[in-house]
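The structure under discussion appears below in the form of structure tokens.
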Amino acid sequence: MYTYALTSISTQDNKTWAIPDDSQTVELHKELMKTLAFAKVKNSLKKRHQVRTVWMTMTPEVLKMYVDEDGNMQFGNQFLEEIQDTEYSKRTEEQSTL
């Protein structure tokens, strides 16, 4: 059995938001797990350390999990950290070498 992780969220305006390490396990993202996109990603990942980047439509339920009433990116009871492309690339590279 594999463990799937959500490490970041990107928006159409090319901003990327980091999901905190302790919140990355996909089981915490129940609304995402209900989507067809998640099912396809799960079927696409066959080996450890594989990564898929996908775009998906934010249903009202999913949107409510990640965007507050003021438009801030959030998950659970905390705001997400915006990361620059170079930071994200470095972080992803570090995680893949662990």
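The chains in the structure tokens are called A, B, ... from first to last as shown; in each chain the residues are counted from 1, and the ligands are counted from 1 in the order shown.
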
| said: Residues within 9 Å of region 46-55 of chain A, please, as an MDAnalysis selection string. Count only C-alpha atoms; anything in the same chain fewer than 3 positions from it doesn't count. | reply: chainID A and resid 2 10:11 37 41:43 96

Print the selection's residues with N, CA and C atoms to a file, as a PDB file, in the first residue's frame.
```
ATOM      1  N   TYR A   2       0.594   2.155  -0.875  1.00  0.00           N
ATOM      2  CA  TYR A   2       1.363   3.390  -0.986  1.00  0.00           C
ATOM      3  C   TYR A   2       0.742   4.493  -0.142  1.00  0.00           C
ATOM      4  N   SER A  10      -0.845  25.098  -6.555  1.00  0.00           N
ATOM      5  CA  SER A  10      -0.530  26.228  -7.432  1.00  0.00           C
ATOM      6  C   SER A  10      -1.823  26.793  -7.987  1.00  0.00           C
ATOM      7  N   THR A  11      -1.824  28.090  -8.196  1.00  0.00           N
ATOM      8  CA  THR A  11      -2.996  28.752  -8.750  1.00  0.00           C
ATOM      9  C   THR A  11      -2.718  29.162 -10.190  1.00  0.00           C
ATOM     10  N   ALA A  37      -9.833  13.503 -10.595  1.00  0.00           N
ATOM     11  CA  ALA A  37      -8.405  13.812 -10.782  1.00  0.00           C
ATOM     12  C   ALA A  37      -7.550  12.998  -9.812  1.00  0.00           C
ATOM     13  N   VAL A  41      -4.607  10.297 -10.721  1.00  0.00           N
ATOM     14  CA  VAL A  41      -3.241  10.420 -10.196  1.00  0.00           C
ATOM     15  C   VAL A  41      -2.850   9.131  -9.482  1.00  0.00           C
ATOM     16  N   LYS A  42      -3.723   8.638  -8.652  1.00  0.00           N
ATOM     17  CA  LYS A  42      -3.453   7.402  -7.910  1.00  0.00           C
ATOM     18  C   LYS A  42      -3.166   6.243  -8.870  1.00  0.00           C
ATOM     19  N   ASN A  43      -3.929   6.163  -9.954  1.00  0.00           N
ATOM     20  CA  ASN A  43      -3.703   5.105 -10.945  1.00  0.00           C
ATOM     21  C   ASN A  43      -2.424   5.317 -11.744  1.00  0.00           C
ATOM     22  N   SER A  96      13.046  14.473  -2.600  1.00  0.00           N
ATOM     23  CA  SER A  96      13.224  13.286  -3.433  1.00  0.00           C
ATOM     24  C   SER A  96      14.530  12.557  -3.127  1.00  0.00           C
TER      25      SER A  96
END
```

Can you pull out every residue within 9 Å of region 60-69 of chain A, counting only C-alpha atoms, but drop anything in the same chain fewer than 6 positions away, and send it as a list in words?
-> Ile9, His29, Lys30, Glu31, Leu32, Phe75, Gly76, Phe79 and Leu80 of chain A

Using only C-alpha atoms, the shortest atom-to-atom distance to Glu27 (chain A) among A:Ile83, A:Ala5, A:Met58, A:Met73 belongs to A:Ala5

Would you give me, as JSON, numbers by chain, the residues in region 25-79 of chain A that DSSP reads as helix (DSSP H, G or I)? {"A": [26, 27, 28, 30, 31, 32, 33, 36, 37, 38, 39, 40, 41, 42, 43, 44, 60, 61, 62, 63, 64, 65, 66]}

Discussion item. If you run DSSP on the backbone here, which positions in chain A get strand (DSSP E)? Please write them as a ChimeraX atom specification.
Written reply: /A:8-10,16-18,74-75,78-79,81-83

File of the preceding selection, N, CA and C atoms, as a short mmCIF file (atom, residue, chain, number, x, y, z; two decimals), in the first residue's frame:
```cif
data_model
loop_
_atom_site.label_atom_id
_atom_site.label_comp_id
_atom_site.auth_asym_id
_atom_site.auth_seq_id
_atom_site.Cartn_x
_atom_site.Cartn_y
_atom_site.Cartn_z
N SER A 8 1.99 20.74 -2.39
CA SER A 8 1.76 22.16 -2.69
C SER A 8 0.52 22.33 -3.54
N ILE A 9 0.06 23.57 -3.59
CA ILE A 9 -1.07 23.96 -4.44
C ILE A 9 -0.61 25.15 -5.26
N SER A 10 -0.84 25.10 -6.56
CA SER A 10 -0.53 26.23 -7.43
C SER A 10 -1.82 26.79 -7.99
N THR A 16 2.48 29.54 -5.94
CA THR A 16 2.53 28.21 -5.34
C THR A 16 2.52 28.34 -3.83
N TRP A 17 1.75 27.48 -3.20
CA TRP A 17 1.57 27.50 -1.75
C TRP A 17 1.98 26.15 -1.19
N ALA A 18 2.84 26.16 -0.18
CA ALA A 18 3.34 24.92 0.43
C ALA A 18 2.33 24.36 1.42
N GLN A 74 -5.33 28.52 2.70
CA GLN A 74 -5.33 27.94 4.03
C GLN A 74 -5.43 26.43 3.94
N PHE A 75 -5.14 25.77 5.03
CA PHE A 75 -5.52 24.37 5.21
C PHE A 75 -5.66 24.15 6.70
N GLN A 78 -4.56 26.90 9.64
CA GLN A 78 -3.39 27.73 9.39
C GLN A 78 -3.34 28.22 7.95
N PHE A 79 -2.72 29.37 7.77
CA PHE A 79 -2.50 29.91 6.44
C PHE A 79 -1.33 29.18 5.80
N GLU A 81 2.01 28.92 3.31
CA GLU A 81 3.14 29.77 2.97
C GLU A 81 3.29 29.81 1.45
N GLU A 82 3.37 31.03 0.91
CA GLU A 82 3.62 31.17 -0.52
C GLU A 82 5.11 30.94 -0.75
N ILE A 83 5.42 30.14 -1.75
CA ILE A 83 6.82 29.85 -2.05
C ILE A 83 7.13 30.25 -3.48
#
```

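Nearest-residue note for Asn77 (chain A): choosing from A:Thr57, A:Leu45, A:Ala39, A:Pro20, the minimum distance belongs to A:Pro20, counting only C-alpha atoms.
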
Atomic separation - CA of Gln24 (chain A) relative to CA of Leu6 (chain A), Å
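Value for the CA of Leu6 (chain A)-CA of Gln24 (chain A) distance: 4.9 Å.
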
task = Just give me the gap between CA of Asn14 (chain A) and CA of Ser44 (chain A) in Å, one decimal is fine.
result =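 These atoms are spaced 24.3 Å apart.
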
Atom pair CA of Met56 (chain A) + CA of Lys40 (chain A), distance 11.3 Å
